[in-house]
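> Please read through the structure below; I'll follow up with questions.
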Amino acid sequence: MKRLFFGILMALGLVACEVRVSDNGDFDGLWQLTAIDSVSSGRRVDMHTSGEYWAVQVHLLNVRNTKGRHGSVLFRFDFVGDSLKLRSPYIDESGEGGTLPVHDVSRLKAWGIDRSEQGYRVVTLNGDEMVLLKEDVRLSFRKY
């Protein structure tokens with residue numbers, strides 16, 4: 001009787017759970033920003049030791065600095081074909097896990113983002129590297 005009761009509880013629990021499956025392919029995961037290139041001037045900034053990371057899961061992108069230089073920002077995003085669009089940024093300013101909307105987009109520049117709705121063309125995306133292009137700036141990442 002106990003086994004039957006436990007089996008029914010397990011089945012109800014599984015039915016009640018909602019599982020979200022990501023369709024982001026290689027985009028999901030943790031990405032280390034390794035370089036920012038100016039396409040027009042040819043200037044390259046090495047970012048390997050900067051501590052800048054993008055973490056992607058389902059429909060959320062978390063950009064953060066692991067060295068404590070600046071806070072963490074969450075974005076919703078749309079990833080279709082070779083197009084990535086970031087939107088709805090929220091920055092953690094409370095230090096207690098609360099979020100407040102970003103009003104000053106200049107705070108996003110550390111991550112190569114200069115608008116609250118930023119679009120990129122995906123130049124390269126595989127299990128090891130990602131290259132994003134916006135206007136005249138190219139961002140290079142390695143999968144961590």
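Ordering of the structure tokens sets the chain letters (A, B, ...); residue numbers start at 1 within each chain; ligands are numbered from 1 in the order shown.
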Counting only C-alpha atoms, what are the residues of range 40-141 of chain A within 6 Å of range 25-32 of chain A, and for each of them which pair of atoms is the nearest and at what distance in Å, to one decimal? Sort the table by chain and rising number, as a tab-separated table.

residue	atom	partner	partner_atom	distance
A:Tyr53	CA	A:Gln32	CA	4.5
A:Trp54	CA	A:Trp31	CA	5.0
A:Ala55	CA	A:Leu30	CA	4.4
A:Val56	CA	A:Asp28	CA	4.8
A:Gln57	CA	A:Asp28	CA	5.4
A:Asn126	CA	A:Asp26	CA	5.6
A:Gly127	CA	A:Asp26	CA	5.6
A:Phe141	CA	A:Gln32	CA	5.3
> For CA of Val73 in chain A and CA of Ser106 in chain A, quote the distance in Å rounded to one decimal.
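It comes out at 12.7 Å.
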> From the set A:Met130, A:Lys143, A:Pro89, A:Arg138, which residue has the shortest atom-to-atom contact distance to Gln118 in chain A, counting only C-alpha atoms?
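Selected residue with least distance to Gln118 in chain A: A:Pro89.
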> Give me, as JSON lines, the closest atom pair and its distance (Å, one decimal) for every residue of range 21-99 of chain A within a cut-off of 12 Å of range 131-137 of chain A, counting only C-alpha atoms, rows sorted by chain and rising number.

{"residue": "A:Phe27", "atom": "CA", "partner": "A:Val131", "partner_atom": "CA", "distance": 11.0}
{"residue": "A:Trp31", "atom": "CA", "partner": "A:Val131", "partner_atom": "CA", "distance": 10.7}
{"residue": "A:Gln32", "atom": "CA", "partner": "A:Val131", "partner_atom": "CA", "distance": 11.3}
{"residue": "A:Leu33", "atom": "CA", "partner": "A:Val131", "partner_atom": "CA", "distance": 9.6}
{"residue": "A:Thr34", "atom": "CA", "partner": "A:Val131", "partner_atom": "CA", "distance": 10.0}
{"residue": "A:Ala35", "atom": "CA", "partner": "A:Val131", "partner_atom": "CA", "distance": 9.5}
{"residue": "A:Ile36", "atom": "CA", "partner": "A:Val137", "partner_atom": "CA", "distance": 6.9}
{"residue": "A:Asp37", "atom": "CA", "partner": "A:Val137", "partner_atom": "CA", "distance": 5.6}
{"residue": "A:Ser38", "atom": "CA", "partner": "A:Val137", "partner_atom": "CA", "distance": 4.8}
{"residue": "A:Val39", "atom": "CA", "partner": "A:Asp136", "partner_atom": "CA", "distance": 4.9}
{"residue": "A:Ser40", "atom": "CA", "partner": "A:Asp136", "partner_atom": "CA", "distance": 6.0}
{"residue": "A:Ser41", "atom": "CA", "partner": "A:Asp136", "partner_atom": "CA", "distance": 8.9}
{"residue": "A:Gly42", "atom": "CA", "partner": "A:Val137", "partner_atom": "CA", "distance": 9.7}
{"residue": "A:Arg43", "atom": "CA", "partner": "A:Val137", "partner_atom": "CA", "distance": 9.9}
{"residue": "A:Arg44", "atom": "CA", "partner": "A:Val137", "partner_atom": "CA", "distance": 9.8}
{"residue": "A:Val45", "atom": "CA", "partner": "A:Val137", "partner_atom": "CA", "distance": 11.0}
{"residue": "A:Asp82", "atom": "CA", "partner": "A:Leu132", "partner_atom": "CA", "distance": 9.4}
{"residue": "A:Ser83", "atom": "CA", "partner": "A:Leu132", "partner_atom": "CA", "distance": 9.2}
{"residue": "A:Leu84", "atom": "CA", "partner": "A:Leu132", "partner_atom": "CA", "distance": 8.5}
{"residue": "A:Lys85", "atom": "CA", "partner": "A:Lys134", "partner_atom": "CA", "distance": 10.5}
{"residue": "A:Leu86", "atom": "CA", "partner": "A:Lys134", "partner_atom": "CA", "distance": 11.8}
> Looking at A:Trp111, A:Tyr120, A:Phe79, A:Tyr90, which one is nearest to Val63 in chain A, with distances taken over only C-alpha atoms?
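Selected residue with least distance to Val63 in chain A: A:Trp111.
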> Would you give me, as a ChimeraX atom specification, the residues in range 17-90 of chain A that DSSP reads as strand (DSSP E)?
/A:29-38,44-46,52-57,60-65,73-80,83-90
> Which one is closest to Ser140 in chain A: A:Glu52, A:Asp104, A:Asp78, A:Asp114? Count only C-alpha atoms.
A:Glu52
> Excluding same-chain residues fewer than 5 positions from Ser88 in chain A, what lies within 10 Å of it counting only C-alpha atoms, as a list in words?
Val73, Leu74, Phe75, Arg76, Phe77, Pro101, Val102, Ser116, Glu117 and Gln118 of chain A
> Between CA of Glu129 in chain A and CA of Arg107 in chain A, what is the spacing in Å?
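A separation of 25.6 Å between them.
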